[in-house]
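**Student:** Next comes the structure file run_5.cif, holding mmCIF, C-alpha atoms and all ligand atoms.
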data_final
loop_
_atom_site.label_atom_id
_atom_site.label_comp_id
_atom_site.auth_asym_id
_atom_site.auth_seq_id
_atom_site.Cartn_x
_atom_site.Cartn_y
_atom_site.Cartn_z
CA MET D 1 -1.09 -35.26 2.36
CA THR D 2 -2.71 -31.97 3.45
CA GLN D 3 -2.06 -29.09 1.08
CA LYS D 4 -0.54 -25.88 2.37
CA LEU D 5 -3.13 -23.14 2.82
CA THR D 6 -2.37 -19.67 1.56
CA ALA D 7 -4.52 -16.54 1.85
CA ALA D 8 -5.65 -15.38 -1.58
CA ILE D 9 -7.04 -11.94 -2.32
CA THR D 10 -10.37 -12.77 -3.97
CA ALA D 11 -11.95 -9.30 -4.23
CA VAL D 12 -11.05 -5.62 -3.82
CA GLY D 13 -13.37 -2.75 -2.93
CA GLY D 14 -12.86 0.97 -2.59
CA PHE D 15 -14.48 4.26 -1.70
CA VAL D 16 -13.37 7.84 -2.34
CA PRO D 17 -15.42 10.87 -1.22
CA GLU D 18 -16.75 13.14 -3.97
CA ASP D 19 -15.33 16.45 -2.75
CA LYS D 20 -11.92 17.43 -4.13
CA LEU D 21 -9.33 19.72 -2.57
CA THR D 22 -7.02 20.89 -5.35
CA ASN D 23 -3.61 22.54 -5.21
CA LYS D 24 -5.32 25.72 -6.46
CA ASP D 25 -7.68 25.55 -3.45
CA LEU D 26 -4.69 25.18 -1.11
CA GLU D 27 -2.99 28.21 -2.71
CA LYS D 28 -5.86 30.27 -1.25
CA MET D 29 -5.46 28.74 2.22
CA VAL D 30 -1.68 28.70 2.84
CA ASP D 31 1.51 30.12 1.29
CA THR D 32 2.10 27.45 -1.34
CA ASN D 33 1.81 26.86 -5.07
CA ASP D 34 0.85 24.08 -7.44
CA GLU D 35 4.35 23.82 -8.94
CA TRP D 36 6.02 23.30 -5.52
CA ILE D 37 3.49 20.69 -4.43
CA VAL D 38 3.63 18.71 -7.68
CA THR D 39 7.43 18.66 -7.98
CA ARG D 40 8.10 17.91 -4.27
CA THR D 41 5.29 15.39 -3.67
CA GLY D 42 3.47 14.40 -6.89
CA VAL D 43 0.06 15.41 -5.45
CA SER D 44 -2.39 17.50 -7.52
CA GLU D 45 -5.61 16.94 -5.60
CA ARG D 46 -7.06 14.92 -2.75
CA ARG D 47 -10.55 13.85 -1.67
CA ILE D 48 -12.18 15.18 1.50
CA LEU D 49 -15.03 13.53 3.40
CA LYS D 50 -17.45 16.37 4.11
CA GLY D 51 -20.65 16.44 6.10
CA GLU D 52 -21.68 16.34 9.74
CA ALA D 53 -20.95 13.28 11.85
CA LYS D 54 -19.00 11.38 9.21
CA GLY D 55 -15.99 9.29 10.18
CA ALA D 56 -13.65 6.63 8.81
CA SER D 57 -16.41 4.00 9.07
CA ASP D 58 -18.50 5.97 6.55
CA MET D 59 -15.82 5.23 3.95
CA GLY D 60 -14.83 1.76 5.22
CA ALA D 61 -18.41 0.46 5.11
CA PRO D 62 -19.07 1.27 1.42
CA ALA D 63 -15.60 -0.06 0.49
CA VAL D 64 -16.43 -3.42 2.11
CA LEU D 65 -19.90 -3.48 0.53
CA ASP D 66 -18.27 -2.85 -2.88
CA LEU D 67 -16.00 -5.84 -2.25
CA CYS D 68 -18.97 -8.08 -1.22
CA ARG D 69 -20.86 -7.08 -4.37
CA LYS D 70 -17.88 -7.94 -6.57
CA ARG D 71 -17.37 -11.33 -4.90
CA GLY D 72 -21.10 -12.02 -4.82
CA ILE D 73 -21.25 -12.62 -1.07
CA ASP D 74 -23.46 -11.35 1.73
CA PRO D 75 -21.66 -9.49 4.57
CA ILE D 76 -23.12 -12.13 6.90
CA GLU D 77 -20.49 -14.53 5.46
CA ILE D 78 -17.54 -12.47 6.73
CA ASP D 79 -15.76 -14.22 9.63
CA CYS D 80 -13.42 -11.43 10.70
CA LEU D 81 -12.82 -7.78 9.75
CA ILE D 82 -9.58 -5.95 10.48
CA CYS D 83 -9.79 -2.17 10.16
CA CYS D 84 -6.45 -0.43 9.68
CA THR D 85 -6.73 3.23 10.62
CA VAL D 86 -5.08 6.12 12.46
CA THR D 87 -8.35 8.07 12.39
CA PRO D 88 -10.88 5.76 14.07
CA ASP D 89 -14.41 7.09 14.48
CA MET D 90 -13.75 7.18 18.23
CA MET D 91 -10.92 6.20 20.57
CA PHE D 92 -13.17 3.24 21.41
CA PRO D 93 -14.99 1.10 20.44
CA ALA D 94 -13.11 -0.17 17.41
CA THR D 95 -14.11 1.20 14.01
CA ALA D 96 -14.08 -2.45 12.84
CA ASN D 97 -17.10 -3.07 15.08
CA ILE D 98 -18.88 0.01 13.71
CA ILE D 99 -18.25 -1.02 10.09
CA CYS D 100 -19.54 -4.55 10.78
CA HIS D 101 -22.68 -3.05 12.30
CA LYS D 102 -23.22 -0.67 9.37
CA ILE D 103 -22.94 -3.41 6.73
CA GLY D 104 -24.76 -6.15 8.65
CA ALA D 105 -21.71 -8.40 9.11
CA LYS D 106 -23.41 -10.03 12.09
CA ASN D 107 -21.19 -13.11 12.18
CA ALA D 108 -17.88 -11.25 12.15
CA TRP D 109 -15.57 -10.37 14.98
CA GLY D 110 -12.90 -7.80 14.35
CA TYR D 111 -10.48 -5.24 15.61
CA ASP D 112 -8.63 -2.06 14.69
CA LEU D 113 -4.97 -2.17 13.79
CA GLN D 114 -2.83 0.93 13.99
CA ALA D 115 0.52 1.00 12.24
CA ALA D 116 0.23 4.43 10.60
CA CYS D 117 0.99 4.33 6.88
CA SER D 118 2.08 0.67 7.09
CA GLY D 119 -1.26 -0.29 8.68
CA PHE D 120 -2.59 -2.06 5.61
CA LEU D 121 0.56 -4.20 5.23
CA TYR D 122 0.41 -5.19 8.90
CA GLY D 123 -3.31 -5.96 8.40
CA VAL D 124 -2.72 -8.11 5.31
CA THR D 125 -0.04 -10.11 7.12
CA THR D 126 -2.14 -10.76 10.23
CA GLY D 127 -5.30 -11.39 8.18
CA ALA D 128 -3.38 -13.91 6.07
CA ALA D 129 -2.20 -15.70 9.22
CA LEU D 130 -5.84 -16.11 10.34
CA ILE D 131 -6.66 -17.78 7.01
CA GLU D 132 -3.48 -19.92 7.04
CA SER D 133 -4.42 -21.19 10.51
CA GLY D 134 -7.42 -22.89 8.90
CA ARG D 135 -9.84 -21.36 11.42
CA TYR D 136 -11.38 -18.68 9.19
CA LYS D 137 -12.65 -18.71 5.61
CA LYS D 138 -13.40 -15.04 4.88
CA VAL D 139 -11.28 -12.29 6.41
CA VAL D 140 -11.67 -8.66 5.31
CA VAL D 141 -8.83 -6.17 5.68
CA VAL D 142 -10.00 -2.59 5.23
CA GLY D 143 -7.81 0.52 5.32
CA ALA D 144 -9.91 3.61 6.09
CA ASP D 145 -8.59 7.02 7.00
CA LYS D 146 -10.20 10.43 7.30
CA MET D 147 -6.91 12.31 7.40
CA SER D 148 -8.73 15.66 7.03
CA ALA D 149 -9.84 15.16 10.66
CA ILE D 150 -6.25 15.46 11.92
CA VAL D 151 -4.69 17.83 9.38
CA ASP D 152 -3.97 21.43 10.35
CA TYR D 153 -5.08 23.39 7.27
CA SER D 154 -2.91 26.33 8.30
CA ASP D 155 0.29 24.19 8.21
CA ARG D 156 1.58 24.20 4.62
CA THR D 157 4.11 21.45 5.30
CA THR D 158 1.42 18.81 6.02
CA CYS D 159 -1.93 20.02 4.63
CA ILE D 160 -0.76 19.54 1.05
CA LEU D 161 -0.04 15.85 1.58
CA PHE D 162 -3.09 14.06 2.93
CA GLY D 163 -6.56 12.98 1.75
CA ASP D 164 -9.48 10.77 2.80
CA ALA D 165 -10.38 7.33 1.38
CA ALA D 166 -10.91 3.64 2.09
CA GLY D 167 -9.92 0.41 0.36
CA ALA D 168 -10.65 -3.20 1.27
CA ILE D 169 -9.61 -6.72 0.31
CA LEU D 170 -11.16 -10.12 0.96
CA LEU D 171 -8.81 -12.96 1.95
CA GLU D 172 -9.88 -16.59 1.39
CA PRO D 173 -8.06 -19.95 1.67
CA ASN D 174 -6.25 -21.19 -1.43
CA THR D 175 -4.44 -24.46 -2.15
CA GLU D 176 -2.90 -23.50 -5.51
CA GLY D 177 -0.09 -21.45 -4.00
CA LEU D 178 -1.81 -18.13 -4.77
CA GLY D 179 -2.16 -15.15 -2.45
CA VAL D 180 0.09 -13.76 0.28
CA LEU D 181 3.43 -15.54 -0.11
CA ASP D 182 5.87 -13.57 2.03
CA SER D 183 6.09 -10.44 4.17
CA ILE D 184 8.91 -8.53 5.81
CA LEU D 185 7.58 -6.11 8.41
CA LYS D 186 9.70 -3.78 10.52
CA SER D 187 9.25 -1.20 13.24
CA ASP D 188 11.44 1.24 15.15
CA GLY D 189 9.81 3.24 17.93
CA SER D 190 12.68 5.72 18.03
CA GLY D 191 10.97 7.29 15.01
CA VAL D 192 8.15 8.62 17.20
CA SER D 193 9.71 12.07 17.58
CA TYR D 194 9.55 12.76 13.83
CA LEU D 195 5.91 11.90 13.15
CA HIS D 196 3.11 11.83 15.72
CA MET D 197 0.11 13.55 17.23
CA LYS D 198 1.12 15.33 20.41
CA ALA D 199 -2.10 15.11 22.43
CA GLY D 200 -5.30 13.13 22.77
CA GLY D 201 -3.72 9.90 23.97
CA SER D 202 -3.16 8.73 27.56
CA LEU D 203 0.21 10.49 27.67
CA LYS D 204 -1.37 13.90 27.16
CA PRO D 205 -5.16 13.82 27.32
CA ALA D 206 -7.20 16.45 25.52
CA SER D 207 -7.58 19.77 27.36
CA ILE D 208 -8.32 23.37 26.47
CA GLU D 209 -4.55 23.94 26.41
CA THR D 210 -3.88 21.10 23.95
CA VAL D 211 -6.62 22.32 21.62
CA THR D 212 -5.34 25.91 21.76
CA ALA D 213 -1.79 24.72 21.04
CA LYS D 214 -3.07 22.73 17.99
CA GLU D 215 -1.74 19.48 19.42
CA HIS D 216 -4.48 17.28 17.95
CA PHE D 217 -3.05 17.50 14.45
CA ILE D 218 -0.33 15.61 12.57
CA TYR D 219 3.15 16.73 13.59
CA GLN D 220 5.80 15.78 11.03
CA GLU D 221 9.45 16.65 10.50
CA GLY D 222 9.16 16.06 6.77
CA PRO D 223 12.78 15.97 5.59
CA ALA D 224 13.83 13.60 8.42
CA VAL D 225 10.93 11.23 7.68
CA PHE D 226 11.74 11.46 3.98
CA LYS D 227 15.32 10.30 4.61
CA PHE D 228 14.21 7.25 6.61
CA ALA D 229 11.34 6.47 4.21
CA VAL D 230 13.35 6.56 1.01
CA LYS D 231 15.92 4.12 2.41
CA GLY D 232 13.52 1.98 4.47
CA MET D 233 10.98 1.29 1.75
CA ALA D 234 13.55 0.65 -0.98
CA ASP D 235 15.70 -1.59 1.25
CA VAL D 236 12.85 -3.77 2.46
CA ALA D 237 11.44 -4.20 -1.07
CA GLY D 238 14.91 -5.20 -2.28
CA GLU D 239 15.28 -7.64 0.64
CA LEU D 240 11.91 -9.23 -0.18
CA LEU D 241 12.93 -9.81 -3.81
CA GLU D 242 16.30 -11.27 -2.83
CA ARG D 243 14.95 -13.72 -0.28
CA ASN D 244 12.40 -14.97 -2.83
CA GLN D 245 15.06 -15.16 -5.57
CA LEU D 246 13.14 -12.72 -7.75
CA THR D 247 14.21 -9.78 -9.88
CA GLY D 248 12.23 -6.84 -11.25
CA ASP D 249 11.54 -8.92 -14.39
CA ASP D 250 9.49 -11.37 -12.29
CA ILE D 251 7.27 -8.63 -10.84
CA ALA D 252 4.11 -7.53 -12.68
CA PHE D 253 3.34 -4.55 -10.42
CA LEU D 254 4.49 -2.63 -7.37
CA ALA D 255 1.61 -1.28 -5.24
CA PRO D 256 3.45 1.27 -3.07
CA HIS D 257 2.21 3.49 -0.25
CA GLN D 258 1.57 6.91 -1.79
CA ALA D 259 3.36 9.36 0.51
CA ASN D 260 5.66 11.04 -1.96
CA LYS D 261 6.35 10.23 -5.62
CA ARG D 262 10.09 10.58 -5.01
CA ILE D 263 10.01 7.81 -2.37
CA ILE D 264 8.08 5.57 -4.78
CA ASP D 265 10.55 6.26 -7.62
CA ALA D 266 13.48 5.28 -5.39
CA THR D 267 11.79 2.00 -4.43
CA ALA D 268 10.94 1.15 -8.04
CA GLN D 269 14.51 1.89 -9.06
CA ARG D 270 15.91 -0.38 -6.33
CA MET D 271 13.62 -3.17 -7.55
CA GLY D 272 14.61 -2.65 -11.18
CA LEU D 273 11.05 -1.80 -12.25
CA SER D 274 10.07 0.34 -15.22
CA PRO D 275 7.48 3.11 -14.52
CA GLU D 276 4.58 1.24 -16.17
CA LYS D 277 4.89 -1.46 -13.49
CA VAL D 278 4.31 1.03 -10.68
CA MET D 279 0.79 1.76 -9.44
CA LEU D 280 0.67 5.50 -8.97
CA ASN D 281 -2.44 7.51 -8.03
CA ILE D 282 -0.89 9.98 -5.56
CA SER D 283 -1.69 12.85 -7.94
CA ARG D 284 -5.45 12.27 -7.50
CA TYR D 285 -5.73 11.17 -3.86
CA GLY D 286 -2.59 12.27 -1.99
CA ASN D 287 -1.56 10.26 1.06
CA THR D 288 -4.61 8.43 2.42
CA THR D 289 -2.51 6.53 5.02
CA SER D 290 -4.02 3.02 5.47
CA ALA D 291 -6.04 3.28 2.25
CA THR D 292 -3.29 3.98 -0.29
CA ILE D 293 -2.33 0.38 -1.15
CA PRO D 294 -5.84 -1.16 -1.36
CA LEU D 295 -6.90 1.89 -3.38
CA CYS D 296 -4.13 1.12 -5.88
CA LEU D 297 -5.26 -2.53 -6.11
CA TRP D 298 -8.86 -1.32 -6.54
CA GLU D 299 -7.93 0.91 -9.47
CA TRP D 300 -5.54 -1.52 -11.13
CA GLN D 301 -7.49 -4.78 -10.65
CA SER D 302 -8.66 -5.00 -14.29
CA LYS D 303 -4.98 -5.03 -15.37
CA LEU D 304 -4.01 -7.87 -13.01
CA ASN D 305 -3.87 -11.50 -14.12
CA LYS D 306 -3.96 -14.75 -12.17
CA GLY D 307 -0.42 -15.71 -11.22
CA ASP D 308 1.01 -12.17 -11.40
CA ASN D 309 3.63 -11.39 -8.74
CA ILE D 310 2.76 -8.13 -6.99
CA VAL D 311 4.80 -6.38 -4.31
CA LEU D 312 3.15 -4.10 -1.74
CA ALA D 313 5.49 -1.73 0.10
CA ALA D 314 5.03 0.99 2.71
CA PHE D 315 6.76 3.27 5.19
CA GLY D 316 5.09 5.32 7.91
CA GLY D 317 4.91 6.71 11.41
CA GLY D 318 6.29 4.65 14.25
CA PHE D 319 8.45 4.15 12.32
CA THR D 320 6.81 1.18 10.66
CA TRP D 321 7.66 -0.23 7.26
CA GLY D 322 7.58 -3.38 5.19
CA ALA D 323 6.95 -5.21 1.94
CA THR D 324 4.64 -8.09 1.02
CA LEU D 325 4.77 -10.47 -1.96
CA ILE D 326 1.44 -11.56 -3.43
CA LYS D 327 0.59 -13.94 -6.27
CA TRP D 328 -2.65 -12.60 -7.74
CA ALA D 329 -5.47 -15.14 -7.57
CA TYR D 330 -8.03 -14.12 -10.21
O1 LIG D 401 3.34 8.60 4.87
C1 LIG D 401 3.97 8.75 6.11
C2 LIG D 401 5.39 9.04 5.96
N1 LIG D 401 5.59 10.40 5.50
C3 LIG D 401 6.38 10.64 4.46
O2 LIG D 401 6.86 9.73 3.85
C4 LIG D 401 6.66 12.09 4.13
C5 LIG D 401 8.13 12.27 3.94
N2 LIG D 401 8.53 13.67 3.66
C6 LIG D 401 8.24 14.29 2.50
O3 LIG D 401 7.57 13.73 1.64
C7 LIG D 401 8.86 15.65 2.27
O4 LIG D 401 9.81 15.91 3.28
C8 LIG D 401 7.82 16.81 2.23
C9 LIG D 401 6.97 16.69 0.99
C10 LIG D 401 6.96 16.78 3.48
C11 LIG D 401 8.56 18.14 2.15
O5 LIG D 401 9.41 18.17 1.02
P1 LIG D 401 10.95 18.55 1.15
O6 LIG D 401 11.52 18.48 -0.19
O7 LIG D 401 11.54 17.67 2.21
O8 LIG D 401 10.87 20.07 1.59
P2 LIG D 401 11.42 20.80 2.91
O9 LIG D 401 10.54 20.47 4.06
O10 LIG D 401 12.89 20.54 3.03
O11 LIG D 401 11.18 22.30 2.52
C12 LIG D 401 11.91 22.97 1.49
C13 LIG D 401 11.46 24.41 1.44
C14 LIG D 401 11.47 25.11 2.78
O12 LIG D 401 11.79 26.44 2.58
P3 LIG D 401 13.28 27.01 2.84
O13 LIG D 401 13.56 26.72 4.29
O14 LIG D 401 14.16 26.20 1.93
O15 LIG D 401 13.18 28.44 2.50
C15 LIG D 401 10.05 25.02 3.25
O16 LIG D 401 9.68 26.03 4.15
O17 LIG D 401 10.10 24.46 0.98
C16 LIG D 401 9.30 25.17 1.95
N3 LIG D 401 7.98 24.57 1.97
C17 LIG D 401 7.00 24.91 1.10
N4 LIG D 401 6.97 25.80 0.09
C18 LIG D 401 5.82 25.90 -0.60
C19 LIG D 401 7.50 23.62 2.80
N5 LIG D 401 6.23 23.33 2.48
C20 LIG D 401 5.91 24.12 1.45
C21 LIG D 401 4.73 24.28 0.68
N6 LIG D 401 4.74 25.16 -0.34
N7 LIG D 401 3.61 23.56 0.91
#
Hey, can you dump this file as structure tokens for me?
Ligand code: UT7

**Tutor:**
Amino acid sequence: MTQKLTAAITAVGGFVPEDKLTNKDLEKMVDTNDEWIVTRTGVSERRILKGEAKGASDMGAPAVLDLCRKRGIDPIEIDCLICCTVTPDMMFPATANIICHKIGAKNAWGYDLQAACSGFLYGVTTGAALIESGRYKKVVVVGADKMSAIVDYSDRTTCILFGDAAGAILLEPNTEGLGVLDSILKSDGSGVSYLHMKAGGSLKPASIETVTAKEHFIYQEGPAVFKFAVKGMADVAGELLERNQLTGDDIAFLAPHQANKRIIDATAQRMGLSPEKVMLNISRYGNTTSATIPLCLWEWQSKLNKGDNIVLAAFGGGFTWGATLIKWAY
């Protein structure tokens, strides 16, 4: 009898730029204050990728190399690389191709996947399906976002939220029932009006007018998104537990998207999780979009044990949202 293949996470890598942008720094740039930012969002500082001609691939590449080093493999062994990002180096070609070139992953094919803040969850689910098909042995999913490239640093409602970073996981076949066990992914395009970038796509190509009107930055109606996010992320995480007949007691850790500490608290509460089971690094990195969840796994990996049940959960632009159940493999 052939054994069922699952996609196990066998290594995690990460990269955060050195430069920090603190709440004190932001106080000098816009009308805000540390107390407001911390109590409303949970963010104290974020990392910013500085330097000429540096894009998302300059964070994604070192994150994947970190992962290869930890697993003891050469990038040449990677079969496929999925790059989840809303800030690709260029509109085309795919940042996945650029990362593969930078790290020497000469045998890999790959593509970019864009699902805003749920990008990494969408990437894990599709990457796992490639492994489960039996056709690929080593699939990398990397979340890399240079949010500072699309943040308007004169808009106090968004510039306090976002940061730059990358995180990556390696997926490999497993026959012990470890790895990605279940995912519930959702999307609702009616959410587009609340969170988007107005220009730069085919609908409204870049022009002098769009640049002058600051339409190449994140546009967000924060309170509306908050309302959808707090319900969406908590509901889907609850649904995932129920359909797997699990309770909070069965879960070792929640690795949530880090958009707002209050959204994370609501999700943890719905799942019946105590605070020590929640991976939380929003205070140091802010919202790094596709990188938040792998960055949590990267920082928490020494605390994870083989067989631990871990739930990943996210909500983002689109709207997109979802939750994934993982049994840790090492
Ligand atoms: O990851 C992708 C998905 N995105 C999200 O999940 C983000 C969801 N939204 C949020 O996290 C929150 O809505 C924000 C953090 C963006 C905003 O927090 P809020 O509690 O919803 O605040 P608000 O927008 O309702 O603003 C409350 C007040 C307003 O002043 P008035 O009208 O009450 O006088 C704002 O003008 O706070 C003011 N305000 C600020 N004050 C100081 C807005 N931004 C700031 C600021 N500093 N940076």

**Student:** Show me which residues are within 8 Å of ligand LIG 401 (chain D) counting all atoms listed in the file, and format the list as a PyMOL selection string.

**Tutor:** chain D and resi 30-33+36-37+40-41+116-117+156-161+195+220-227+229-230+257-260+262-263+287+289+315-317

**Student:** Mind checking which residues fall within 6 Å of Ile9 in chain D, counting all atoms listed in the file, ignoring those fewer than 2 positions away in the same chain, and posting them as a count of residues only?

**Tutor:** 4

**Student:** Which residue gives the smallest distance to Gly60 in chain D among D:Met271, D:Val16, D:Ala115, D:Ala323, with only C-alpha atoms counted?

**Tutor:**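 Comparing D:Met271, D:Val16, D:Ala115, D:Ala323 against Gly60 in chain D, the winner is D:Val16.
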
**Student:** For Val236 in chain D, which residue among D:Gly248, D:Pro275, D:Gly201, D:Gly322 is the nearest when counting only C-alpha atoms?

**Tutor:**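 Looking only at the distances to Val236 in chain D, the closest residue turns out to be D:Gly322.
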
**Student:** Can you measure CA of Gln301 in chain D to CA of Arg243 in chain D for me? One decimal in Å is fine.

**Tutor:**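 A separation of 26.3 Å between them.
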
**Student:** Could you check how far CA of Ser118 in chain D sits from CA of Thr320 in chain D, in Å to one decimal?

**Tutor:**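 Spanning CA of Ser118 in chain D to CA of Thr320 in chain D is a straight-line distance of 5.9 Å.
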
**Student:** Taking all atoms listed in the file into account, name the residue in D:Tyr285, D:Trp321, D:Tyr122, D:Tyr219 that is nearest to Tyr194 in chain D.

**Tutor:**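 Closest to Tyr194 in chain D, using all atoms listed in the file: D:Tyr219.
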
**Student:** Please list as a list in words every residue within 8 Å of Arg46 in chain D, counting only C-alpha atoms and excluding residues in the same chain fewer than 3 positions away.

**Tutor:** Lys20, Leu21, Thr22, Val43, Phe162, Gly163, Asp164, Ser283, Arg284, Tyr285 and Gly286 of chain D

**Student:** Between CA of Lys102 in chain D and CA of Leu65 in chain D, what is the distance, to one decimal in Å?

**Tutor:**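 Spanning CA of Lys102 in chain D to CA of Leu65 in chain D is a straight-line distance of 9.9 Å.
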
**Student:** Quick one: everything within 12 Å of Asp74 in chain D, counting all atoms listed in the file, minus sequence neighbours fewer than 3 positions away in the same chain. Send it as a PyMOL selection string.

**Tutor:** chain D and resi 64-71+77-79+100+103-108+138

**Student:** For C-alpha atoms, I'd like the residues from the last selection saved as a JSON list (two decimals), in the frame of the given file.

**Tutor:**
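Done, and the output landed in out.json:
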[["chain", "number", "residue", "atom", "x", "y", "z"],
["D", 64, "VAL", "CA", -16.43, -3.42, 2.11],
["D", 65, "LEU", "CA", -19.90, -3.48, 0.53],
["D", 66, "ASP", "CA", -18.27, -2.85, -2.88],
["D", 67, "LEU", "CA", -16.00, -5.84, -2.25],
["D", 68, "CYS", "CA", -18.97, -8.08, -1.22],
["D", 69, "ARG", "CA", -20.86, -7.08, -4.37],
["D", 70, "LYS", "CA", -17.88, -7.94, -6.57],
["D", 71, "ARG", "CA", -17.37, -11.33, -4.90],
["D", 77, "GLU", "CA", -20.49, -14.53, 5.46],
["D", 78, "ILE", "CA", -17.54, -12.47, 6.73],
["D", 79, "ASP", "CA", -15.76, -14.22, 9.63],
["D", 100, "CYS", "CA", -19.54, -4.55, 10.78],
["D", 103, "ILE", "CA", -22.94, -3.41, 6.73],
["D", 104, "GLY", "CA", -24.76, -6.15, 8.65],
["D", 105, "ALA", "CA", -21.71, -8.40, 9.11],
["D", 106, "LYS", "CA", -23.41, -10.03, 12.09],
["D", 107, "ASN", "CA", -21.19, -13.11, 12.18],
["D", 108, "ALA", "CA", -17.88, -11.25, 12.15],
["D", 138, "LYS", "CA", -13.40, -15.04, 4.88]]

**Student:** Compare D:Thr210, D:Thr87, D:Thr6, D:Asn244 by their minimum atom-to-atom distance to Ile131 in chain D, counting all atoms listed in the file, and give me the closest one.

**Tutor:**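 Looking only at the distances to Ile131 in chain D, the closest residue turns out to be D:Thr6.
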
**Student:** Using all atoms listed in the file, which of the listed residues (D:Ala149, D:Ala165, D:Ile293, D:Val311) sits closest to Ala61 in chain D?

**Tutor:**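 Among the listed residues, the smallest separation from Ala61 in chain D belongs to D:Ala165.
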
**Student:** Which is closer to Pro62 in chain D than all the others in D:Ile208, D:Gln245, D:Ile99, D:Thr10, using all atoms listed in the file?

**Tutor:** D:Ile99

**Student:** Excluding Met29 in chain D and residues on its chain fewer than 4 positions from it, collect all residues at most 8 Å away from it, counting all atoms listed in the file, and give them as a ChimeraX atom specification.

**Tutor:** /D:25,153-154
